[in-house]
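Pasting target_24.cif here (mmCIF, C-alpha atoms):
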```cif
data_final
#
loop_
_atom_site.label_atom_id
_atom_site.label_comp_id
_atom_site.auth_asym_id
_atom_site.auth_seq_id
_atom_site.Cartn_x
_atom_site.Cartn_y
_atom_site.Cartn_z
CA MET Y 1 -18.38 -8.89 2.81
CA HIS Y 2 -19.97 -8.11 6.16
CA PHE Y 3 -20.25 -4.50 7.34
CA THR Y 4 -19.81 -4.16 11.09
CA SER Y 5 -20.15 -0.39 11.65
CA GLU Y 6 -20.95 2.82 9.82
CA GLN Y 7 -20.43 6.51 10.55
CA ARG Y 8 -20.43 9.81 8.72
CA LEU Y 9 -17.26 11.88 9.17
CA ASP Y 10 -17.43 15.64 9.64
CA ASP Y 11 -16.73 16.30 5.97
CA GLY Y 12 -19.56 14.02 4.87
CA VAL Y 13 -17.39 11.02 3.95
CA ALA Y 14 -19.07 7.71 4.81
CA GLU Y 15 -16.82 5.33 6.76
CA ARG Y 16 -17.78 1.67 7.08
CA GLU Y 17 -15.83 -1.09 8.80
CA PHE Y 18 -16.14 -4.58 7.32
CA THR Y 19 -14.76 -8.09 7.39
CA ILE Y 20 -14.05 -10.45 4.49
CA ASN Y 21 -13.15 -14.01 5.45
CA GLU Y 22 -12.26 -12.73 8.95
CA VAL Y 23 -9.96 -10.04 7.52
CA PRO Y 24 -10.96 -6.60 8.90
CA GLY Y 25 -11.01 -3.52 6.73
CA ILE Y 26 -12.45 -0.03 6.25
CA LEU Y 27 -14.24 1.53 3.29
CA TRP Y 28 -14.58 5.29 2.78
CA THR Y 29 -16.92 6.74 0.13
CA PRO Y 30 -17.54 10.37 -0.85
CA GLY Y 31 -20.64 11.84 0.71
CA THR Y 32 -21.83 13.44 -2.53
CA ALA Y 33 -21.36 10.51 -4.91
CA SER Y 34 -24.34 10.00 -7.22
CA ALA Y 35 -22.84 7.30 -9.44
CA PRO Y 36 -20.31 4.47 -9.08
CA VAL Y 37 -16.91 5.97 -8.25
CA PRO Y 38 -13.28 4.94 -8.78
CA LEU Y 39 -11.53 3.19 -5.91
CA ILE Y 40 -8.07 3.51 -4.35
CA LEU Y 41 -6.74 0.61 -2.27
CA LEU Y 42 -4.73 2.02 0.63
CA GLY Y 43 -1.66 -0.03 1.56
CA HIS Y 44 0.06 0.37 4.93
CA PRO Y 45 2.65 -1.42 7.10
CA GLY Y 46 0.11 -3.11 9.39
CA GLY Y 47 -1.83 -2.20 12.51
CA LEU Y 48 -5.11 -0.58 11.47
CA ASP Y 49 -5.68 1.03 14.87
CA LYS Y 50 -2.27 2.69 14.83
CA MET Y 51 -2.43 3.63 11.16
CA TYR Y 52 -6.04 4.85 11.22
CA PRO Y 53 -5.35 8.63 11.42
CA ARG Y 54 -3.06 8.55 8.37
CA LEU Y 55 -5.34 6.21 6.45
CA ALA Y 56 -8.42 8.30 7.15
CA ASP Y 57 -6.55 11.43 6.05
CA ARG Y 58 -5.54 9.76 2.79
CA ALA Y 59 -9.11 8.53 2.27
CA ARG Y 60 -10.54 12.00 2.83
CA ARG Y 61 -8.07 13.44 0.32
CA SER Y 62 -9.21 10.80 -2.17
CA ALA Y 63 -12.85 11.66 -1.52
CA VAL Y 64 -12.20 15.29 -2.48
CA ASN Y 65 -11.33 13.98 -5.96
CA GLY Y 66 -14.47 11.83 -6.02
CA PHE Y 67 -12.77 8.52 -5.21
CA ALA Y 68 -13.66 5.84 -2.69
CA ALA Y 69 -10.83 4.33 -0.65
CA ALA Y 70 -10.45 1.05 1.21
CA THR Y 71 -7.89 -0.76 3.31
CA ILE Y 72 -7.51 -4.11 5.07
CA GLU Y 73 -5.38 -5.38 7.93
CA LEU Y 74 -2.18 -7.17 6.98
CA PRO Y 75 -1.61 -10.83 7.86
CA GLY Y 76 -0.04 -11.11 11.32
CA SER Y 77 -0.88 -7.51 12.28
CA GLY Y 78 -3.45 -5.94 14.59
CA ASP Y 79 -5.81 -8.52 16.05
CA ARG Y 80 -4.99 -11.11 13.38
CA PRO Y 81 -3.05 -14.24 14.41
CA GLN Y 82 0.65 -13.52 14.84
CA SER Y 83 3.32 -15.38 12.87
CA VAL Y 84 6.17 -16.76 14.97
CA ASP Y 85 8.35 -16.98 11.86
CA ALA Y 86 7.69 -13.34 10.95
CA GLU Y 87 8.44 -12.12 14.47
CA GLN Y 88 11.73 -14.03 14.46
CA ALA Y 89 12.60 -12.60 11.04
CA ARG Y 90 11.91 -9.05 12.29
CA ALA Y 91 14.18 -9.62 15.28
CA ASP Y 92 16.89 -11.08 13.05
CA LEU Y 93 16.58 -8.12 10.67
CA ARG Y 94 16.99 -5.58 13.47
CA ARG Y 95 20.05 -7.43 14.75
CA ALA Y 96 21.63 -7.72 11.30
CA LEU Y 97 21.06 -4.05 10.49
CA SER Y 98 22.59 -2.99 13.80
CA ALA Y 99 25.62 -5.19 13.14
CA GLY Y 100 25.97 -4.11 9.52
CA GLU Y 101 25.48 -7.68 8.31
CA PRO Y 102 23.85 -8.86 5.03
CA VAL Y 103 20.06 -8.97 5.22
CA ASP Y 104 18.92 -10.48 1.90
CA GLU Y 105 18.09 -13.92 3.32
CA ILE Y 106 16.26 -12.40 6.27
CA VAL Y 107 14.26 -10.07 4.02
CA ASP Y 108 13.18 -13.10 1.97
CA ARG Y 109 11.96 -14.87 5.13
CA LEU Y 110 10.07 -11.80 6.29
CA VAL Y 111 8.57 -10.36 3.11
CA LEU Y 112 7.90 -13.21 0.67
CA PRO Y 113 5.43 -15.09 2.94
CA LEU Y 114 3.66 -11.78 3.65
CA VAL Y 115 3.25 -11.07 -0.06
CA GLU Y 116 1.97 -14.59 -0.73
CA LYS Y 117 -0.75 -14.17 1.93
CA ALA Y 118 -1.64 -10.50 1.50
CA VAL Y 119 -2.09 -10.27 -2.27
CA PRO Y 120 -4.90 -12.87 -2.53
CA GLU Y 121 -6.63 -11.11 0.38
CA TRP Y 122 -6.43 -7.80 -1.47
CA GLN Y 123 -7.85 -9.45 -4.59
CA ALA Y 124 -10.74 -10.98 -2.63
CA THR Y 125 -11.40 -7.56 -1.10
CA LEU Y 126 -11.41 -5.97 -4.53
CA ASP Y 127 -13.89 -8.58 -5.77
CA ALA Y 128 -16.22 -7.78 -2.88
CA LEU Y 129 -15.90 -4.01 -3.20
CA LEU Y 130 -16.62 -4.05 -6.92
CA SER Y 131 -19.87 -5.91 -6.21
CA LEU Y 132 -21.14 -2.84 -4.34
CA PRO Y 133 -23.33 -0.51 -6.44
CA GLU Y 134 -21.44 2.60 -5.31
CA ILE Y 135 -18.01 1.31 -6.42
CA GLY Y 136 -16.97 1.31 -10.06
CA GLY Y 137 -13.59 1.77 -11.63
CA PRO Y 138 -10.85 2.31 -12.47
CA ILE Y 139 -8.81 1.07 -9.50
CA GLY Y 140 -5.63 2.45 -7.97
CA TYR Y 141 -3.26 1.11 -5.31
CA SER Y 142 -1.49 3.53 -2.99
CA GLY Y 143 1.13 3.05 -0.27
CA GLY Y 144 3.18 0.20 1.15
CA VAL Y 145 4.37 -2.46 1.83
CA ILE Y 146 6.02 -1.84 -1.55
CA ALA Y 147 6.59 -5.56 -2.24
CA ILE Y 148 2.83 -6.11 -1.96
CA GLY Y 149 2.27 -3.24 -4.38
CA ILE Y 150 4.72 -4.77 -6.87
CA ARG Y 151 2.94 -8.13 -6.84
CA LEU Y 152 -0.52 -6.54 -7.08
CA ALA Y 153 0.51 -4.30 -9.96
CA LEU Y 154 1.83 -7.37 -11.77
CA VAL Y 155 -0.98 -9.89 -11.23
CA GLU Y 156 -4.06 -7.66 -10.91
CA PRO Y 157 -5.12 -6.23 -14.30
CA ARG Y 158 -7.89 -4.16 -12.69
CA ILE Y 159 -5.29 -1.82 -11.13
CA ALA Y 160 -4.86 1.10 -13.51
CA ALA Y 161 -2.26 3.07 -11.55
CA ALA Y 162 -0.10 2.57 -8.46
CA GLY Y 163 1.50 4.99 -6.05
CA LEU Y 164 4.20 3.12 -4.14
CA PHE Y 165 6.10 4.15 -1.00
CA ALA Y 166 9.72 2.95 -1.19
CA GLY Y 167 9.98 2.63 2.58
CA SER Y 168 10.44 -1.10 3.10
CA PHE Y 169 12.82 -3.83 1.98
CA VAL Y 170 12.14 -5.74 -1.24
CA PRO Y 171 13.43 -9.29 -1.82
CA ARG Y 172 15.91 -9.42 -4.67
CA ALA Y 173 13.81 -12.13 -6.32
CA MET Y 174 11.01 -9.62 -6.78
CA PHE Y 175 13.10 -7.42 -9.06
CA ASP Y 176 12.18 -9.80 -11.89
CA GLU Y 177 8.52 -9.11 -11.09
CA ALA Y 178 9.19 -5.36 -11.09
CA ARG Y 179 10.61 -5.60 -14.62
CA GLN Y 180 7.28 -7.05 -15.77
CA VAL Y 181 5.17 -4.29 -14.22
CA THR Y 182 3.71 -1.97 -16.88
CA THR Y 183 1.20 -0.05 -14.73
CA PRO Y 184 1.76 3.74 -14.50
CA LEU Y 185 3.73 4.37 -11.29
CA HIS Y 186 4.33 7.22 -8.88
CA VAL Y 187 7.09 6.17 -6.45
CA LEU Y 188 7.75 8.13 -3.25
CA LEU Y 189 11.20 7.91 -1.60
CA GLN Y 190 12.33 9.53 1.62
CA TRP Y 191 16.04 10.15 1.01
CA ASP Y 192 17.14 9.74 4.63
CA ASP Y 193 14.82 6.85 5.56
CA GLU Y 194 16.76 5.16 8.36
CA GLY Y 195 14.92 1.84 7.92
CA ASN Y 196 15.29 1.55 4.17
CA ASP Y 197 18.08 0.82 1.69
CA ARG Y 198 18.20 3.90 -0.55
CA GLN Y 199 20.29 2.29 -3.28
CA LEU Y 200 17.99 -0.72 -3.37
CA ALA Y 201 15.02 1.63 -3.77
CA LEU Y 202 16.75 3.44 -6.65
CA ASP Y 203 17.66 0.12 -8.30
CA LEU Y 204 14.06 -1.02 -7.92
CA PHE Y 205 12.74 2.13 -9.58
CA ASP Y 206 15.15 1.58 -12.45
CA ALA Y 207 13.95 -2.02 -12.79
CA PHE Y 208 10.24 -1.20 -13.15
CA GLY Y 209 9.07 -1.88 -16.69
CA SER Y 210 6.42 0.83 -16.74
CA ARG Y 211 6.72 3.36 -19.58
CA GLU Y 212 5.26 6.00 -17.26
CA LYS Y 213 7.03 6.07 -13.91
CA THR Y 214 7.93 9.01 -11.69
CA LEU Y 215 10.29 9.03 -8.72
CA HIS Y 216 9.40 11.67 -6.11
CA ALA Y 217 12.31 11.91 -3.65
CA ASN Y 218 12.29 14.17 -0.59
CA MET Y 219 14.85 14.88 2.08
CA GLY Y 220 13.92 13.50 5.48
CA GLY Y 221 13.24 10.28 7.34
CA HIS Y 222 10.53 7.65 7.08
CA THR Y 223 7.79 9.69 8.73
CA GLY Y 224 8.91 13.06 7.33
CA VAL Y 225 6.88 12.95 4.12
CA PRO Y 226 5.96 16.58 3.28
CA GLN Y 227 2.35 17.58 2.72
CA PHE Y 228 2.95 18.49 -0.91
CA ALA Y 229 4.09 14.92 -1.65
CA GLY Y 230 0.57 13.73 -0.89
CA GLU Y 231 -0.81 16.44 -3.14
CA ASP Y 232 1.42 15.28 -6.00
CA ALA Y 233 0.25 11.70 -5.51
CA ALA Y 234 -3.37 12.90 -5.54
CA ARG Y 235 -2.79 14.60 -8.89
CA PHE Y 236 -1.26 11.38 -10.23
CA PHE Y 237 -4.37 9.40 -9.35
CA ALA Y 238 -6.65 12.16 -10.65
CA ARG Y 239 -4.95 11.83 -14.06
CA HIS Y 240 -5.36 8.07 -14.22
CA LEU Y 241 -8.62 7.35 -12.39
CA SER Y 242 -10.85 10.30 -13.29
#
```
Re-express the file's structure as structure tokens.
Amino acid sequence: MHFTSEQRLDDGVAEREFTINEVPGILWTPGTASAPVPLILLGHPGGLDKMYPRLADRARRSAVNGFAAATIELPGSGDRPQSVDAEQARADLRRALSAGEPVDEIVDRLVLPLVEKAVPEWQATLDALLSLPEIGGPIGYSGGVIAIGIRLALVEPRIAAAGLFAGSFVPRAMFDEARQVTTPLHVLLQWDDEGNDRQLALDLFDAFGSREKTLHANMGGHTGVPQFAGEDAARFFARHLS
């Protein structure tokens, strides 16, 4: 892990940019921490520059509860090398959705390669973060892409709780993985999300094998998540990571 910049935000949270194997990321730690703190991994749909305001807001909210937070750029997003296959799949998905055509095969082409690349990068990032003296445990994962969260919750035993945003397509093949997930879950669903399949999201929630799982559904579109939904997610992580 190589830190490339550091600043102190106005609320005292320390923000450090880093790279791990040429993958850029950001780490936020509470300004008043006197001992190793729990960590929340912040998932997002890609494009750190564009997503930064939301990510920083989520990190600051985590810091209030005494948690560090970290994120990395997704494969093919931001300044990382683009994938011709992924761009073609995105174009095909937009066309199929507009025409009302089946999308399962296209979703597989788009999402499965992303999961295969992103999850090992998240695990390498977690290894590096846990080597820092200020980071302890337990670990949470929060956000999207939800397929990445499913795979991480399944294969990464260090994740004690996951808050997932049901705002992206999930390959049908990953439903079998969801049935094997036992991590406590808090799933957020925007009921009128124009870019998501509501019934698929409900079926996915039903498939999760976790004994503790909560579905938090709100009216509104993809970007219309109400403020109190974030507060509910913060309470979920406070229960499991404190």
Exercise. Starting from the displayed file, determine the output of the PyMOL selection byres ((chain Y and resi 218) around 9) and express the residue list as a list in words.
Key: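 Taken on the displayed file, the PyMOL selection byres ((chain Y and resi 218) around 9) yields the residues Leu188, Leu189, Gln190, Trp191, Asp192, His216, Ala217, Met219, Gly220, Gly221, Gly224, Val225, Pro226 and Ala229 of chain Y.
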Quiz prompt | the PyMOL selection byres ((chain Y and resi 32) around 12) applied to the shown file, residues as a list in words | solution = Arg8, Asp11, Gly12, Val13, Ala14, Thr29, Pro30, Gly31, Ala33, Ser34, Ala35, Pro36, Val37, Ala63, Val64, Asn65, Gly66, Phe67, Ala68 and Glu134 of chain Y
Self-check item: Pro184 in chain Y environment, 6 Å, only C-alpha atoms, sequence neighbours closer than 5 positions dropped, as an NGL selection string
Solution: :Y and (161 or 210 or 212-213)
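Evaluated against the shown file, the PyMOL selection byres ((chain Y and resi 23) around 9) gives Phe18, Thr19, Ile20, Asn21, Glu22, Pro24, Gly25, Ile72, Glu73, Leu74, Pro75, Arg80 and Glu121 of chain Y.
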Practice problem: Taking (-6.0, 8.1, -9.6) in the file's own coordinates, collect the residues within 10 Å, counting all atoms listed in the file, and hand them back as a VMD selection string. | Solution: chain Y and resid 38 to 40 62 65 to 67 138 to 142 160 to 163 233 to 242
Just to be explicit: take each residue in the selection above, keep C-alpha atoms, and write the result as a PDB file, in the coordinates of the input.
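Writing done, so here's result36.pdb:
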```pdb
ATOM      1  CA  PRO Y  38     -13.280   4.940  -8.780  1.00  0.00           C
ATOM      2  CA  LEU Y  39     -11.530   3.190  -5.910  1.00  0.00           C
ATOM      3  CA  ILE Y  40      -8.070   3.510  -4.350  1.00  0.00           C
ATOM      4  CA  SER Y  62      -9.210  10.800  -2.170  1.00  0.00           C
ATOM      5  CA  ASN Y  65     -11.330  13.980  -5.960  1.00  0.00           C
ATOM      6  CA  GLY Y  66     -14.470  11.830  -6.020  1.00  0.00           C
ATOM      7  CA  PHE Y  67     -12.770   8.520  -5.210  1.00  0.00           C
ATOM      8  CA  PRO Y 138     -10.850   2.310 -12.470  1.00  0.00           C
ATOM      9  CA  ILE Y 139      -8.810   1.070  -9.500  1.00  0.00           C
ATOM     10  CA  GLY Y 140      -5.630   2.450  -7.970  1.00  0.00           C
ATOM     11  CA  TYR Y 141      -3.260   1.110  -5.310  1.00  0.00           C
ATOM     12  CA  SER Y 142      -1.490   3.530  -2.990  1.00  0.00           C
ATOM     13  CA  ALA Y 160      -4.860   1.100 -13.510  1.00  0.00           C
ATOM     14  CA  ALA Y 161      -2.260   3.070 -11.550  1.00  0.00           C
ATOM     15  CA  ALA Y 162      -0.100   2.570  -8.460  1.00  0.00           C
ATOM     16  CA  GLY Y 163       1.500   4.990  -6.050  1.00  0.00           C
ATOM     17  CA  ALA Y 233       0.250  11.700  -5.510  1.00  0.00           C
ATOM     18  CA  ALA Y 234      -3.370  12.900  -5.540  1.00  0.00           C
ATOM     19  CA  ARG Y 235      -2.790  14.600  -8.890  1.00  0.00           C
ATOM     20  CA  PHE Y 236      -1.260  11.380 -10.230  1.00  0.00           C
ATOM     21  CA  PHE Y 237      -4.370   9.400  -9.350  1.00  0.00           C
ATOM     22  CA  ALA Y 238      -6.650  12.160 -10.650  1.00  0.00           C
ATOM     23  CA  ARG Y 239      -4.950  11.830 -14.060  1.00  0.00           C
ATOM     24  CA  HIS Y 240      -5.360   8.070 -14.220  1.00  0.00           C
ATOM     25  CA  LEU Y 241      -8.620   7.350 -12.390  1.00  0.00           C
ATOM     26  CA  SER Y 242     -10.850  10.300 -13.290  1.00  0.00           C
TER      27      SER Y 242
END
```
Quiz prompt | Atomic separation - CA of Thr214 in chain Y relative to CA of Val115 in chain Y, Å | solution =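 The value is 23.7 Å.
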